[in-house]
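The structure under discussion appears below in the form of structure tokens.
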Amino acid sequence: MTAISYPLVERTLANGLRVIVSEDHTAPNVAVNLWVGVGSRHESPGRTGLAHLFEHLMFQGSRNVRSGEHFSALMDEGARLNATTWFDRTNYFETVPTGALELALWLEADRHGHLLDAVTQENLDNQRDVVKEEKRQRYDNVPYGSALIDIYATVFPEDHPYHHPTIGSMEDLDAATLEDVHAFYRSHYGPNNSVLTLVGDISPDKGFAAAEKYFGQLPSIELPTRPRHAQLPPIEGPLRVDRVGEVPNDRLYVAFRLPVDATPDYLACQVAVDVLGGLTSSRLMHRLVRTDETAVAVGGWTMGLVDGVGLGAFTVDVSAGADPDGVEQALCEEIESFVAEGPDEAELESVIADTERSWLSALASIEERADHISHHALLTGDPDYVNTYVERLRRVGADDARAAAAVWLDPGSRAVVRYLSDTSGRDEEGEAA
Amino acid sequence: MTAVARPVVAAPEPWDFPLARTHDLPNGLRLLTYDVPGQYVLSLRLGLPVSLRDEPRDREGVATIMARSLDEGTQRWSAEEFARLLERKGVSFGAGIADAGLSLDLDVVKGNLEPALDLLRQILTEPAFPETEVARQVRTRLAEIDQERAVPAARAGLEFVRTLYAAEDRSSRPTGGSRATVAPITRDDVAAFHEEHVVAAGVTMVVAGDLAGLDVPELVATALGGWGSGGRERARFLDRRAMLASDRSRIVLVSRPGSVQTEIMVGAPGPDRSVDGGWAPYPVLGFVLGGSPTARVDAVLREEKGYTYGIRSSFRPRRAGGLFLTSGSVRADSTAESLRLLVELLESGAAGFSDKEIRSGVDFISKTAPGRYATADAIADEAVGMALDGRTTEFVTSNLRDLRTVDAPRVDAAYARFAAGAGIGDGSRPGAGWTIALVGDADAHLEAIRDLGLGEVSVVRDDQG
């Protein structure tokens with residue numbers, strides 16, 4: 001095992017901004033990474049997609065910054081930058097040459113404190129159009145592009161914050177007004193709802209001083225007080241959605257509710273999903289691809305979330321001519337035998353070795369390291385997770401994985417989303433319990 | 001509240017690409033090592049000067065199937081046993097072929113380098129290519145062909161190369177082969193291709209990462225010293241220029257009834273790294289025209305018009321000749337207008353660039369270099385790419401130095417050289433010199449596209465079902 005211990009020093013400013021500095025002088029760069037505790041889970045019905053639209057508006061200027069200047073000013077200094085929005089958060093990040101760190105913080109503080117001075121109807125209308133093209137490109141105009149949207153809508157109850165996707169509804173975006181945008185910003189964007197991580201060529205003292213200098217004067221905001229949802233139980237299922245036509249091959253997504261991120265039960269599920277479908281040497285690979293030859297590819301993945309539930313799924317690309325019902329049946333049999341016997345030593349060893357390499361690869365760049373630190377500081381409260389994750393996974397025993405699978409991956413609790421290429425002899429599109 | 005003054009930025013120090021140590025093995029394998037402290041996952045890359053042109057015409061795709069079958073079982077282990085061996089040591093492995101050659105990628109944590117090298121030895125020298133596994137890779141590739149046809153960006157790419165390159169040139173056809181050439185591929189085809197081409201002569205191997213305490217040359221010599229040279233000399237890079245189609249300057253529209261967007265790919269032949277006047281201006285040119293959210297293309301099509309989520313341009317050099325390529329997707333009802341604007345913006349280089357634009361491009365590319373090349377995988381990827389281009393990473397350093405001297409007149413001259421070479425702006429008609437592939441609703445947009453007068457337009461309709 002490769003022992004890693006990235007240094008982490010944390011301080012909270014008087015206005016509530018959590019600042020974490022991880023010093024690393026191997027390159028003359030600093031990764032600046034801000035996570036704001038707002039994502040699509042904070043949106044209300046009829047106002048979906050706002051968190052993401054907002055992320056776009058954050059590049060359209062603020063009190064002292066012209067529209068587009070955030071990009072151009074930073075890129076001129078050698079920054080690589082962007083932002084993303086997800087269920088639980090919105091992140092803003094740039095990797096800058098050390099000499100441009102203060103400029104990056106000044107620009108970030110301006111938009112994180114004073115965006116609304118610059119939000120105009122024109123900007124809103126333009127970025128709404130851009131977001132619509134983003135949705136068409138990513139979801140509407142590619143085969144299987146809407147699969148995740150179907151999975152969320154099937155696995156999570158209608159009144160749950162993860163039921164709708166981050167991209168939101170285009171009708172809701174059309175209905176969004178400047179007043180909605182202002183209200184959204186005031187409710188969520190504030191130093192006490194954010195984490196600032198600096199990784200790279202900077203000492204903790206200098207990092208804290210710079211954070212104080214640029215962010216120290218931003219006022220804290222009154223935060224919404226909704227507690228996180230209680231853990232959702234597994235689905236009383238199975239649930240099923242079929243989409244027929246417009247795809248080259250049949251593909252199945254067999255999805256489950258999981259425990260929330262970073263809990264021992266979530267990690268145990270992660271091991272189970274890896275052994276069943278994630279590894280190259282997985283059981284589904286053995287059964288469906290190599291033995292039955294009813295699939296050309298399989299996968300298994302988990303998505304860590306914090307608001308009362310997580311998500312796990314197996315994906316299967318069905319071989320031409322194979323029967324998707326039979327494939328699904330075989331998949332359920334493999335889950336059942338895993339639940340009966342648990343993983344063996346070689347499987348556990350493979351999960352750990354594979355995870356260790358991919359985790360260390362992820363942490364190899366300062367920008368990804370900063371992102372994981374912000375993630376765990378904001379959402380699980382433990383930025384040191386970057387240093388302990390592999391060890392936590394190693395502590396999952398065979399029986400833990402088996403027991404977690406028995407509860408969370410029970411085939412009776414599955415939600416199946418199928419994209420089918422052929423309409424003959426099949427039901428029309430629709431949902432059925 | 002007092003506003004904090006906008007800070008002044010201190011210029012970064014000049015930066016050089018990390019230096020390699022070179023070790024030549026008697027079998028022709030050249031090892032380049034890059035010691036990058038703190039990079040605990042080592043990145044190993046092998047670049048083999050294997051040409052797609054060496055595939056039999058009726059078995060195109062055999063190099064791809066061979067690459068994907070390398071770790072599907074060896075003389076000693078079955079495919080499943082071997083997958084488990086790799087995974088228990090945390091080894092990720094992949095292989096694939098492109099125009100520049102065959103590449104193998106292997107990542108492993110530092111402590112497992114020695115067993116990983118032994119697994120790599122078996123992959124290179126003892127693959128068994130079991131019939132069932134090769135047949136499975138063939139089925140997988142056939143399914144992938146269907147996917148490539150269904151995904152607009154991939155479909156546009158296929159039509160683009162078919163239009164740009166001469167029909168008799170391998171570059172005009174899919175890298176991984178087509179249905180007719182992939183379906184008949186057997187394990188014997190694969191084994192024969194492997195035996196002839198996967199030999200040590202002319203191969204460059206890169207090991208990058210935290211190498212403290214490791215004797216990499218010794219470990220590599222032990223593992224791969226016995227890999228046969230193939231009994232011949234082989235140059236370290238391929239050096240043949242692709243032939244262009246005589247009628248390449250035209251528009252092809254792939255019909256996708258009801259598409260909510262139109263995929264656009266616009267390109268023309270471009271320079272390689274040995275171009276007169278130097279390579280350094282070209283990445284700047286690509287950046288300023290369409291390489292960033294602030295570039296000319298997105299300033300209009302995204303930020304002003306809202307027609308697209310983003311369109312990107314770049315120069316893509318090969319060893320001999322290259323491409324200038326722009327691609328992205330636009331809202332369906334803006335198809336003709338977007339295409340008109342896009343060609344206009346791409347041709348706007350003829351009127352020259354401002355000092356400010358060029359400064360931005362030079363600064364972005366030069367100042368991001370230390371960060372872009374900070375990780376073991378980025379260093380190893382660049383090193384193997386340079387080797388297959390007949391260069392070393394000293395080119396990266398000398399090019400960065402030259403880049404700092406690039407100004408607007410040099411970029412104007414570079415654009416003029418590119419345009420003249422591609423036949424752009426030759427006065428015959430707007431759009432001359434470009435190859436344009438579109439994937440969208442042909443019935444809805446054909447007339448409007450024809451009316452732009454950017455060249456002959458033809459429609460391709462894929463068999464449905």
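Residues are referred to by chain and number: the chain letter is A, B, ... according to the order shown in the structure tokens, the number counts from 1 in that chain, and ligands are numbered separately from 1 in the order shown.
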Next on the checklist: Select, as number ranges by chain, those residues of chain A with any atom no more than 6 Å from chain B (distances computed using only C-alpha atoms).
Outcome noted: A: 75-76, 78, 99-100, 103, 126, 129-130, 133-134, 142, 248, 281, 296, 349-350, 353-354, 357
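Those residues of stretch 166-228 of chain A that DSSP, working from the backbone, places in alpha helix (DSSP H) are A:Met170, A:Glu171, A:Asp172, A:Leu173, A:Asp174, A:Ala175, A:Leu178, A:Glu179, A:Asp180, A:Val181, A:His182, A:Ala183, A:Phe184, A:Tyr185, A:Arg186, A:Ser187, A:His188, A:Pro204, A:Asp205, A:Lys206, A:Gly207, A:Phe208, A:Ala209, A:Ala210, A:Ala211, A:Glu212, A:Lys213, A:Tyr214, A:Phe215.
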Selection to disk with N, CA and C atoms, as a short mmCIF file (atom, residue, chain, number, x, y, z; two decimals), in the first residue's frame:
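Output below, filename result_0.cif:
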data_model
loop_
_atom_site.label_atom_id
_atom_site.label_comp_id
_atom_site.auth_asym_id
_atom_site.auth_seq_id
_atom_site.Cartn_x
_atom_site.Cartn_y
_atom_site.Cartn_z
N MET A 170 -36.84 22.90 -19.01
CA MET A 170 -36.69 24.08 -19.84
C MET A 170 -37.87 25.05 -19.66
N GLU A 171 -39.05 24.49 -19.32
CA GLU A 171 -40.20 25.35 -19.04
C GLU A 171 -39.93 26.19 -17.79
N ASP A 172 -39.33 25.53 -16.78
CA ASP A 172 -39.01 26.28 -15.56
C ASP A 172 -37.99 27.38 -15.86
N LEU A 173 -36.99 27.04 -16.70
CA LEU A 173 -35.98 28.05 -17.03
C LEU A 173 -36.64 29.23 -17.76
N ASP A 174 -37.57 28.90 -18.66
CA ASP A 174 -38.26 29.98 -19.37
C ASP A 174 -39.02 30.88 -18.41
N ALA A 175 -39.53 30.27 -17.35
CA ALA A 175 -40.35 31.05 -16.41
C ALA A 175 -39.51 31.85 -15.43
N LEU A 178 -35.78 37.74 -13.39
CA LEU A 178 -34.64 38.37 -12.70
C LEU A 178 -34.84 38.35 -11.19
N GLU A 179 -36.08 38.50 -10.76
CA GLU A 179 -36.35 38.48 -9.31
C GLU A 179 -36.03 37.11 -8.72
N ASP A 180 -36.38 36.04 -9.46
CA ASP A 180 -36.05 34.69 -8.97
C ASP A 180 -34.55 34.54 -8.81
N VAL A 181 -33.82 35.05 -9.81
CA VAL A 181 -32.37 34.93 -9.79
C VAL A 181 -31.78 35.68 -8.60
N HIS A 182 -32.28 36.86 -8.36
CA HIS A 182 -31.79 37.63 -7.21
C HIS A 182 -32.07 36.90 -5.90
N ALA A 183 -33.29 36.40 -5.77
CA ALA A 183 -33.67 35.72 -4.53
C ALA A 183 -32.82 34.48 -4.31
N PHE A 184 -32.54 33.76 -5.39
CA PHE A 184 -31.76 32.54 -5.28
C PHE A 184 -30.34 32.85 -4.78
N TYR A 185 -29.76 33.88 -5.36
CA TYR A 185 -28.40 34.26 -4.96
C TYR A 185 -28.37 34.66 -3.49
N ARG A 186 -29.34 35.49 -3.08
CA ARG A 186 -29.33 35.98 -1.70
C ARG A 186 -29.52 34.84 -0.71
N SER A 187 -30.25 33.80 -1.11
CA SER A 187 -30.51 32.69 -0.18
C SER A 187 -29.32 31.75 -0.04
N HIS A 188 -28.48 31.66 -1.05
CA HIS A 188 -27.49 30.59 -1.05
C HIS A 188 -26.03 31.03 -1.15
N PRO A 204 0.15 27.74 4.42
CA PRO A 204 -1.13 28.00 5.08
C PRO A 204 -1.26 29.45 5.54
N ASP A 205 -0.21 30.00 6.12
CA ASP A 205 -0.32 31.38 6.63
C ASP A 205 -0.63 32.36 5.51
N LYS A 206 0.09 32.21 4.40
CA LYS A 206 -0.16 33.13 3.27
C LYS A 206 -1.54 32.89 2.67
N GLY A 207 -1.94 31.63 2.62
CA GLY A 207 -3.25 31.31 2.07
C GLY A 207 -4.38 31.91 2.92
N PHE A 208 -4.27 31.76 4.24
CA PHE A 208 -5.31 32.31 5.12
C PHE A 208 -5.34 33.83 5.03
N ALA A 209 -4.14 34.44 4.96
CA ALA A 209 -4.08 35.91 4.88
C ALA A 209 -4.74 36.40 3.59
N ALA A 210 -4.48 35.70 2.48
CA ALA A 210 -5.06 36.11 1.21
C ALA A 210 -6.58 35.91 1.23
N ALA A 211 -7.02 34.81 1.81
CA ALA A 211 -8.46 34.55 1.91
C ALA A 211 -9.13 35.64 2.73
N GLU A 212 -8.51 36.00 3.84
CA GLU A 212 -9.06 37.05 4.71
C GLU A 212 -9.12 38.39 3.97
N LYS A 213 -8.04 38.67 3.23
CA LYS A 213 -7.96 39.96 2.54
C LYS A 213 -9.10 40.13 1.52
N TYR A 214 -9.40 39.08 0.78
CA TYR A 214 -10.37 39.23 -0.30
C TYR A 214 -11.79 38.80 0.08
N PHE A 215 -11.91 37.82 0.96
CA PHE A 215 -13.24 37.33 1.32
C PHE A 215 -13.72 37.83 2.68
#
Item to check | Point-to-point distance from atom CA of B:Val216 to atom CA of B:Ala116, Å rounded to tenths | outcome: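 Interatomic distance here is 12.2 Å.
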Checklist entry - Got a sec: who's within 7 Å of B:Gly225, counting only C-alpha atoms, leaving out chain neighbours fewer than 3 positions off, as a PyMOL selection string? => result chain B and resi 25+27+221-222
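Shortest separation to B:Ile358 among B:Ser229, B:Ser103, B:Ser255, B:Thr405 occurs at residue B:Thr405, atoms counted being only C-alpha atoms.
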Item to check | stretch 248-386 of chain B: residues DSSP assigns to strand (DSSP E or B), reported as a PyMOL selection string | outcome: chain B and resi 251-255+261-270+308-317+322-331
Next on the checklist: Quick one: residues within 7 Å of B:Ser171, only C-alpha atoms, excluding same-chain residues fewer than 4 positions away - as number ranges by chain?
Outcome noted: B: 161, 165, 242
Those selected residues, please, written with N, CA and C atoms and delivered as a PDB file, in the first residue's frame.
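What follows is the written file selection-v2.pdb:
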ATOM      1  N   VAL B 161     -13.727  12.752 -42.557  1.00  0.00           N
ATOM      2  CA  VAL B 161     -12.495  12.150 -43.107  1.00  0.00           C
ATOM      3  C   VAL B 161     -12.767  11.522 -44.478  1.00  0.00           C
ATOM      4  N   TYR B 165     -10.132  13.209 -47.210  1.00  0.00           N
ATOM      5  CA  TYR B 165      -9.023  12.402 -47.705  1.00  0.00           C
ATOM      6  C   TYR B 165      -9.410  11.635 -48.970  1.00  0.00           C
ATOM      7  N   ALA B 242      -0.842  11.989 -45.625  1.00  0.00           N
ATOM      8  CA  ALA B 242      -2.106  11.466 -46.147  1.00  0.00           C
ATOM      9  C   ALA B 242      -2.480  12.201 -47.432  1.00  0.00           C
TER      10      ALA B 242
END
Checklist entry - Near stretch 331-339 of chain A, counting only C-alpha atoms, which residues have an atom at most 10 Å away, once you skip same-chain residues fewer than 5 positions from it, shown as a ChimeraX atom specification? => result /A:254,272-273,275-277,283-284,287-288,314,316,325-326,344,399,401-407,409-412,414
With C-alpha atoms retained, could you export that selection as an mmCIF file, in the first residue's frame?
data_model
loop_
_atom_site.group_PDB
_atom_site.id
_atom_site.type_symbol
_atom_site.label_atom_id
_atom_site.label_comp_id
_atom_site.auth_asym_id
_atom_site.auth_seq_id
_atom_site.Cartn_x
_atom_site.Cartn_y
_atom_site.Cartn_z
ATOM 1 C CA VAL A 254 -30.579 -1.591 -13.118
ATOM 2 C CA ALA A 272 -20.334 -4.991 -3.657
ATOM 3 C CA VAL A 273 -21.087 -3.003 -6.821
ATOM 4 C CA VAL A 275 -17.222 -6.893 -7.409
ATOM 5 C CA LEU A 276 -20.486 -7.396 -9.262
ATOM 6 C CA GLY A 277 -20.042 -4.957 -12.122
ATOM 7 C CA ARG A 283 -19.009 -11.276 -11.860
ATOM 8 C CA LEU A 284 -21.334 -9.708 -14.437
ATOM 9 C CA ARG A 287 -21.459 -14.212 -16.572
ATOM 10 C CA LEU A 288 -22.968 -11.934 -19.218
ATOM 11 C CA PHE A 314 -25.412 -1.658 -13.183
ATOM 12 C CA VAL A 316 -25.551 -3.657 -19.508
ATOM 13 C CA ASP A 325 -35.455 -9.996 -20.129
ATOM 14 C CA GLY A 326 -33.095 -12.960 -19.904
ATOM 15 C CA ASP A 344 -13.849 -13.818 -1.934
ATOM 16 C CA ASP A 399 -19.434 -9.994 5.449
ATOM 17 C CA ALA A 401 -20.235 -6.194 1.679
ATOM 18 C CA ARG A 402 -22.527 -9.204 1.663
ATOM 19 C CA ALA A 403 -24.805 -7.759 4.341
ATOM 20 C CA ALA A 404 -24.995 -4.355 2.634
ATOM 21 C CA ALA A 405 -25.855 -5.996 -0.674
ATOM 22 C CA ALA A 406 -28.587 -8.034 1.032
ATOM 23 C CA VAL A 407 -30.288 -4.834 2.149
ATOM 24 C CA LEU A 409 -29.032 -4.440 -3.791
ATOM 25 C CA ASP A 410 -31.930 -6.827 -3.315
ATOM 26 C CA PRO A 411 -33.325 -7.463 -6.823
ATOM 27 C CA GLY A 412 -36.816 -6.879 -5.415
ATOM 28 C CA ARG A 414 -34.458 -2.554 -8.268
#
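For the residues B:Leu104, B:Leu46, B:Ala180, B:Ala95, ranking by smallest atom-to-atom distance to B:Gly61 using only C-alpha atoms places B:Ala180 first.
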Checklist entry - Using only C-alpha atoms, which of B:Met386, B:Val275, B:Val406, B:Ala268 sits nearest B:Leu346? => result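 Closest to B:Leu346 of all the choices is B:Ala268.
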Checklist entry - If you count only C-alpha atoms, which residues fall within 10 Å of B:Tyr34, apart from same-chain ones fewer than 2 positions away, as a count of residues only? => result 20
Checklist outcome for this item: Separating atom CA of A:Leu378 from atom CA of A:Ala262, to the nearest tenth of an Å, is a gap of 12.7 Å
Checklist entry - Residues at most 10 Å from B:Pro409, counting only C-alpha atoms, excluding those fewer than 2 positions away in the same chain, as a ChimeraX atom specification? => result /B:281,352-355,358,406-407,411-415
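Distance check against A:Tyr92 using only C-alpha atoms: of A:Trp359, A:Phe71, A:Phe256, A:Tyr419, the minimum falls on A:Phe71.
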Item to check | From A:Glu102, A:Leu252, A:Arg290, A:Val155, residue lying nearest B:Glu72 [only C-alpha atoms] | outcome: A:Arg290
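Rounded to one decimal, atom CA of B:Gly455 and atom CA of B:Phe287 lie 26.4 Å from each other.
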Item to check | Of the listed residues A:Trp35, A:Tyr144, A:Tyr162, A:Trp408, that which approaches A:Pro234 most closely, counting only C-alpha atoms | outcome: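 Comparing A:Trp35, A:Tyr144, A:Tyr162, A:Trp408 against A:Pro234, the winner is A:Trp408.
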